[in-house]
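Shown next: start13.txt, given as compact mmCIF, C-alpha atoms.
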# COMPACT_ATOMS: atom_id res chain seq x y z
CA GLN A 24 35.14 -54.41 -21.27
CA LYS A 25 32.39 -55.94 -19.19
CA GLU A 26 32.18 -54.12 -15.88
CA VAL A 27 30.59 -54.22 -12.48
CA GLU A 28 30.40 -50.87 -10.75
CA GLN A 29 30.07 -50.09 -7.06
CA ASN A 30 30.36 -46.90 -5.06
CA SER A 31 33.56 -47.27 -3.05
CA GLY A 32 32.06 -45.53 0.00
CA PRO A 33 32.49 -45.49 2.85
CA LEU A 34 28.81 -45.90 3.52
CA SER A 35 28.17 -45.01 7.13
CA VAL A 36 24.99 -46.12 8.91
CA PRO A 37 24.01 -46.14 12.59
CA GLU A 38 23.60 -49.41 14.41
CA GLY A 39 20.15 -50.88 13.89
CA ALA A 40 19.54 -49.08 10.58
CA ILE A 41 19.15 -50.64 7.12
CA ALA A 42 22.31 -50.54 5.01
CA SER A 43 21.70 -50.47 1.25
CA LEU A 44 24.57 -51.47 -1.02
CA ASN A 45 24.22 -51.04 -4.76
CA CYS A 46 25.86 -52.49 -7.85
CA THR A 47 25.34 -52.01 -11.60
CA TYR A 48 26.61 -54.23 -14.38
CA SER A 49 27.21 -53.64 -18.06
CA ASP A 50 26.89 -57.16 -19.52
CA ARG A 51 23.19 -57.62 -20.18
CA GLY A 52 23.82 -61.34 -20.62
CA SER A 53 24.93 -61.78 -17.00
CA GLN A 54 22.73 -64.30 -15.33
CA SER A 55 23.91 -64.77 -11.76
CA PHE A 56 25.12 -62.37 -9.14
CA PHE A 57 27.04 -62.78 -5.93
CA TRP A 58 27.67 -60.70 -2.84
CA TYR A 59 30.88 -61.26 -0.87
CA ARG A 60 31.84 -59.73 2.46
CA GLN A 61 35.51 -59.00 3.11
CA TYR A 62 36.78 -57.98 6.51
CA SER A 63 39.99 -55.96 6.60
CA GLY A 64 42.99 -58.22 6.03
CA LYS A 65 40.82 -61.27 5.37
CA SER A 66 39.62 -63.10 2.27
CA PRO A 67 36.14 -62.60 0.78
CA GLU A 68 33.33 -64.86 1.96
CA LEU A 69 30.13 -65.50 0.02
CA ILE A 70 27.05 -64.20 1.77
CA MET A 71 24.38 -64.37 -0.96
CA PHE A 72 23.77 -65.18 -4.61
CA ILE A 73 20.77 -64.40 -6.78
CA TYR A 74 19.69 -65.50 -10.27
CA SER A 75 16.08 -64.40 -10.64
CA ASN A 76 14.53 -60.96 -10.79
CA GLY A 77 13.11 -59.86 -7.48
CA ASP A 78 14.15 -60.31 -3.88
CA LYS A 79 15.92 -63.11 -2.09
CA GLU A 80 16.06 -63.06 1.69
CA ASP A 81 18.44 -64.83 4.06
CA GLY A 82 18.21 -63.73 7.67
CA ARG A 83 19.07 -60.04 7.91
CA PHE A 84 20.25 -59.96 4.29
CA THR A 85 18.12 -59.33 1.20
CA ALA A 86 19.51 -59.39 -2.31
CA GLN A 87 17.53 -57.61 -5.01
CA LEU A 88 17.96 -58.08 -8.76
CA ASN A 89 16.51 -55.98 -11.56
CA LYS A 90 17.78 -57.31 -14.89
CA ALA A 91 15.94 -54.68 -16.93
CA SER A 92 17.83 -51.93 -15.10
CA GLN A 93 21.02 -54.06 -14.75
CA TYR A 94 21.01 -53.38 -11.06
CA VAL A 95 21.74 -55.52 -8.02
CA SER A 96 21.48 -54.47 -4.40
CA LEU A 97 22.11 -55.89 -0.96
CA LEU A 98 20.07 -54.74 2.02
CA ILE A 99 21.30 -55.43 5.53
CA ARG A 100 18.58 -54.99 8.15
CA ASP A 101 19.33 -54.19 11.80
CA SER A 102 22.95 -53.38 10.92
CA GLN A 103 25.51 -54.30 13.54
CA PRO A 104 29.07 -53.02 14.06
CA SER A 105 30.20 -56.53 13.08
CA ASP A 106 28.76 -55.89 9.60
CA SER A 107 31.45 -53.25 9.04
CA ALA A 108 33.42 -54.60 6.08
CA THR A 109 33.88 -54.20 2.35
CA TYR A 110 31.12 -55.76 0.25
CA LEU A 111 32.04 -57.04 -3.21
CA CYS A 112 29.45 -57.53 -5.94
CA ALA A 113 30.23 -60.03 -8.71
CA SER A 114 28.48 -61.20 -11.86
CA LYS A 115 28.77 -64.29 -14.02
CA ALA A 116 28.09 -64.21 -17.74
CA PRO A 117 26.91 -67.35 -19.55
CA ASN A 118 29.85 -67.36 -21.98
CA ALA A 119 32.53 -66.87 -19.32
CA GLY A 120 32.73 -70.39 -17.93
CA ASN A 121 32.94 -70.11 -14.16
CA MET A 122 34.62 -66.69 -14.27
CA LEU A 123 33.24 -63.92 -12.11
CA THR A 124 33.59 -60.20 -12.79
CA PHE A 125 34.04 -58.26 -9.55
CA GLY A 126 33.18 -54.71 -8.67
CA GLY A 127 35.64 -52.64 -6.68
CA GLY A 128 33.66 -53.06 -3.46
CA THR A 129 31.80 -50.74 -1.09
CA ARG A 130 33.15 -50.14 2.39
CA LEU A 131 30.40 -50.20 5.00
CA MET A 132 30.84 -48.68 8.45
CA VAL A 133 28.19 -49.35 11.10
CA LYS A 134 28.53 -46.94 13.99
CA PRO A 135 27.39 -47.95 17.51
CA ASP B 6 36.25 -80.49 5.74
CA GLY B 7 36.65 -79.45 2.13
CA GLY B 8 38.36 -76.18 1.47
CA ILE B 9 41.10 -74.24 -0.20
CA THR B 10 44.43 -73.72 1.54
CA GLN B 11 46.97 -71.03 0.80
CA SER B 12 50.47 -70.99 2.22
CA PRO B 13 52.36 -69.31 3.59
CA LYS B 14 50.16 -66.72 5.27
CA TYR B 15 53.00 -64.16 5.20
CA LEU B 16 55.94 -64.13 2.78
CA PHE B 17 58.90 -61.79 2.47
CA ARG B 18 60.78 -61.42 -0.78
CA LYS B 19 64.17 -59.89 -1.35
CA GLU B 20 64.87 -57.84 -4.44
CA GLY B 21 65.57 -60.05 -7.46
CA GLN B 22 64.20 -63.19 -5.84
CA ASN B 23 61.51 -65.51 -7.19
CA VAL B 24 58.96 -66.77 -4.68
CA THR B 25 56.16 -69.32 -5.01
CA LEU B 26 52.77 -69.11 -3.34
CA SER B 27 50.96 -72.36 -2.75
CA CYS B 28 47.25 -72.99 -3.37
CA GLU B 29 45.67 -76.39 -2.74
CA GLN B 30 41.98 -77.34 -2.84
CA ASN B 31 40.15 -80.56 -1.96
CA LEU B 32 36.77 -79.42 -3.27
CA ASN B 33 37.16 -81.27 -6.58
CA HIS B 34 36.74 -77.94 -8.36
CA ASP B 35 37.86 -77.75 -11.99
CA ALA B 36 38.62 -74.02 -12.12
CA MET B 37 41.16 -72.11 -10.08
CA TYR B 38 42.13 -68.44 -10.02
CA TRP B 39 44.76 -66.07 -8.67
CA TYR B 40 43.94 -62.49 -7.72
CA ARG B 41 46.02 -59.65 -6.43
CA GLN B 42 44.58 -57.07 -4.04
CA ASP B 43 46.33 -53.83 -3.13
CA PRO B 44 45.30 -51.84 -0.02
CA GLY B 45 41.86 -50.30 -0.43
CA GLN B 46 41.52 -51.71 -3.92
CA GLY B 47 39.46 -54.38 -5.61
CA LEU B 48 40.53 -57.77 -6.96
CA ARG B 49 42.70 -57.97 -10.08
CA LEU B 50 42.94 -61.24 -11.97
CA ILE B 51 46.47 -62.57 -12.51
CA TYR B 52 45.95 -66.05 -14.00
CA TYR B 53 43.20 -68.62 -14.17
CA SER B 54 42.87 -72.27 -15.06
CA GLN B 55 39.63 -73.94 -16.13
CA ILE B 56 41.12 -77.42 -16.39
CA VAL B 57 44.27 -79.36 -15.56
CA ASN B 58 47.30 -78.62 -17.78
CA ASP B 59 45.72 -75.45 -19.13
CA PHE B 60 45.79 -71.86 -17.90
CA GLN B 61 45.25 -68.36 -19.26
CA LYS B 62 46.59 -64.92 -18.47
CA GLY B 63 44.39 -62.49 -16.63
CA ASP B 64 44.57 -58.72 -16.61
CA ILE B 65 47.92 -58.37 -14.82
CA ALA B 66 49.94 -61.51 -15.69
CA GLU B 67 53.27 -59.78 -16.35
CA GLY B 68 55.90 -60.83 -13.81
CA TYR B 69 53.93 -63.90 -12.68
CA SER B 70 53.84 -67.54 -13.74
CA VAL B 71 51.65 -70.52 -12.84
CA SER B 72 51.33 -74.24 -13.42
CA ARG B 73 48.39 -76.62 -13.20
CA GLU B 74 49.78 -80.14 -13.18
CA LYS B 75 47.20 -81.47 -10.74
CA LYS B 76 43.54 -80.64 -10.29
CA GLU B 77 44.13 -79.85 -6.62
CA SER B 78 47.07 -77.48 -7.00
CA PHE B 79 47.63 -74.11 -8.68
CA PRO B 80 50.89 -72.53 -7.47
CA LEU B 81 51.78 -68.94 -8.35
CA THR B 82 55.37 -67.81 -8.82
CA VAL B 83 56.15 -64.14 -8.41
CA THR B 84 59.25 -63.56 -10.49
CA SER B 85 61.91 -60.88 -10.23
CA ALA B 86 60.30 -59.26 -13.27
CA GLN B 87 57.39 -58.18 -11.06
CA LYS B 88 58.71 -54.85 -9.81
CA ASN B 89 56.03 -54.06 -7.28
CA PRO B 90 54.87 -57.38 -5.82
CA THR B 91 53.89 -56.19 -2.34
CA ALA B 92 50.18 -57.08 -2.09
CA PHE B 93 47.62 -59.52 -0.73
CA TYR B 94 47.29 -62.57 -3.00
CA LEU B 95 44.08 -64.56 -3.10
CA CYS B 96 43.51 -67.96 -4.64
CA ALA B 97 39.98 -69.11 -5.47
CA SER B 98 38.31 -72.15 -6.98
CA SER B 99 34.93 -72.88 -8.52
CA SER B 100 32.98 -75.82 -9.86
CA GLY B 101 30.58 -76.16 -12.75
CA GLN B 102 27.80 -75.41 -10.28
CA ALA B 103 26.65 -71.82 -10.13
CA TYR B 104 27.83 -71.08 -6.62
CA GLY B 105 30.56 -68.57 -7.27
CA TYR B 106 34.05 -68.85 -5.87
CA THR B 107 35.52 -70.31 -2.73
CA PHE B 108 38.50 -68.26 -1.60
CA GLY B 109 41.59 -69.28 0.30
CA SER B 110 42.70 -67.24 3.30
CA GLY B 111 45.30 -65.34 1.30
CA THR B 112 49.05 -64.74 1.32
CA ARG B 113 50.46 -61.35 2.19
CA LEU B 114 53.67 -60.76 0.24
CA THR B 115 56.09 -58.02 1.23
CA VAL B 116 59.29 -56.97 -0.49
CA VAL B 117 62.13 -56.33 1.95
Can you present the structure in this file as structure tokens?
Amino acid sequence: QKEVEQNSGPLSVPEGAIASLNCTYSDRGSQSFFWYRQYSGKSPELIMFIYSNGDKEDGRFTAQLNKASQYVSLLIRDSQPSDSATYLCASKAPNAGNMLTFGGGTRLMVKP
Amino acid sequence: DGGITQSPKYLFRKEGQNVTLSCEQNLNHDAMYWYRQDPGQGLRLIYYSQIVNDFQKGDIAEGYSVSREKKESFPLTVTSAQKNPTAFYLCASSSGQAYGYTFGSGTRLTVV
């Protein structure tokens, strides 16, 4: 069973701090990775995707990928209370068509 | 604007009743998916379809049925065989491009 693992949290950070969300995956063949944000009672929305080893930055968000360690992370700089949500990590394997494998999500709480 | 539409937003089912959740997309995506999400839990795959007139069972297909007669539409029927259907149901679609899923806004189903 190919898996994506996330700590369920909650991860609590003060406003203005850096939130670090982590994800590990078991399928070494996975090639692309996605971070979704899901507010309570709402559907997930894509915030970042990454394919290459290293960092990818988009505004306050930075995705990091280390394929050797099978590890993906999402950093949120200058965290705001509006960032409080559940963050889902997902991977796509090359032999799975368009199918994504989702982790269970990490709940982030940003305290004012 | 292109998107994926789920209806209704809220649905109430009586014991022993079949209900159908609608999912329509105008993104020209080939693949469509149905997920179930219970409170505080991750996404569980019910059914998916990679192409019109073809679909496969996911991890929790028992008590559910689908059809894919048109590229744009992927309705999910929750049958009376599903004994615990109260949950948040999410429909998603994806293309051959490596951009992950687009999710609908979800249907919240409650047994009364």
Can you pull out every residue within 8 Å of B:Gln11, counting all atoms listed in the file, but drop anything in the same chain fewer than 2 positions away, and send it as a PDB file with C-alpha atoms, in the coordinates of the input?
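The new file out.pdb reads:
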ATOM      1  CA  ILE B   9      41.100 -74.240  -0.200  1.00  0.00           C
ATOM      2  CA  PRO B  13      52.360 -69.310   3.590  1.00  0.00           C
ATOM      3  CA  LYS B  14      50.160 -66.720   5.270  1.00  0.00           C
ATOM      4  CA  LEU B  26      52.770 -69.110  -3.340  1.00  0.00           C
ATOM      5  CA  SER B  27      50.960 -72.360  -2.750  1.00  0.00           C
ATOM      6  CA  CYS B  28      47.250 -72.990  -3.370  1.00  0.00           C
ATOM      7  CA  GLU B  29      45.670 -76.390  -2.740  1.00  0.00           C
ATOM      8  CA  CYS B  96      43.510 -67.960  -4.640  1.00  0.00           C
ATOM      9  CA  GLY B 109      41.590 -69.280   0.300  1.00  0.00           C
ATOM     10  CA  SER B 110      42.700 -67.240   3.300  1.00  0.00           C
ATOM     11  CA  GLY B 111      45.300 -65.340   1.300  1.00  0.00           C
ATOM     12  CA  THR B 112      49.050 -64.740   1.320  1.00  0.00           C
TER      13      THR B 112
END
- Task: Give me, please, the distance in Å between atom CA of A:Leu123 and atom CA of B:Ser99, quoted to one decimal.
- Result: 9.8 Å
- Message: Residues of chain A within 9 Å of chain B, counting all atoms listed in the file - could you list those as a count of residues only?
- Response: 22
- Message: Neighbouring residues of B:Glu74 were defined as those with any atom within 10 Å, considering only C-alpha atoms; residues of the same chain fewer than 3 positions away were excluded. Please report them as a PyMOL selection string.
- Response: chain B and resi 56-59+71+77-80
- Message: If I take atom CA of B:Ile51 and atom CA of B:Gln87, how far is one from the other in Å, to one decimal?
- Response: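 For atom CA of B:Ile51 relative to atom CA of B:Gln87, the distance reads 11.9 Å.
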- d(atom CA of A:Asn118, atom CA of A:Tyr94) in Å: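 These atoms are spaced 19.8 Å apart.
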- Query: Between B:Arg73, B:Ala66, B:Asn33, B:Leu114, which one has atoms that come closest to B:Gly7, using only C-alpha atoms?
  - Reply: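 Smallest separation from B:Gly7 among the options: B:Asn33.
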- Task: Go through A:Asn45, A:Tyr110, A:Pro104, A:Val36 one by one, measure the shortest atom-to-atom distance of each to A:Leu88 using only C-alpha atoms, and give the residue with the smallest value.
- Result: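 Under the stated criterion, the closest residue is A:Asn45.
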So that I can check the surroundings of A:Ser75, please list as a short mmCIF file (atom, residue, chain, number, x, y, z; two decimals) with C-alpha atoms, in the coordinates of the input every protein, DNA and RNA residue that reaches within 12 Å of it, counting only C-alpha atoms and ignoring chain neighbours fewer than 5 positions away.
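Listing of out_27.cif after writing:
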data_model
loop_
_atom_site.label_atom_id
_atom_site.label_comp_id
_atom_site.auth_asym_id
_atom_site.auth_seq_id
_atom_site.Cartn_x
_atom_site.Cartn_y
_atom_site.Cartn_z
CA SER A 53 24.93 -61.78 -17.00
CA GLN A 54 22.73 -64.30 -15.33
CA SER A 55 23.91 -64.77 -11.76
CA PHE A 56 25.12 -62.37 -9.14
CA ALA A 86 19.51 -59.39 -2.31
CA GLN A 87 17.53 -57.61 -5.01
CA LEU A 88 17.96 -58.08 -8.76
CA ASN A 89 16.51 -55.98 -11.56
CA LYS A 90 17.78 -57.31 -14.89
CA ALA A 91 15.94 -54.68 -16.93
CA VAL A 95 21.74 -55.52 -8.02
#
Mind working out the centre and edge lengths of an axis-aligned box for stretch 102-111 of chain A, all listed atoms inside, 8 Å added to each side, rounded to one decimal in Å and written as lines of an AutoDock Vina configuration file?
center_x = 28.4
center_y = -55.0
center_z = 5.4
size_x = 26.9
size_y = 20.0
size_z = 33.3
- Task: Find, counting all atoms listed in the file, the residue in A:Leu34, A:Leu44, A:Glu80, A:Gln93 that gets nearest to A:Tyr59.
- Result: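 Counting all atoms listed in the file, the residue closest to A:Tyr59 is A:Leu44.
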- Task: Using only C-alpha atoms, collect all residues at a distance of at most 8 Å from (38.2, -53.1, 5.3) as written in the file, then present them as a PyMOL selection string.
- Result: (chain A and resi 61-64+107-109+130) or (chain B and resi 45)
- Up to 12 Å from (63.9, -64.6, -6.9) in the file's coordinates: name the residues, counting only C-alpha atoms, as number ranges by chain. B: 17-25, 68-69, 82-88, 90, 116
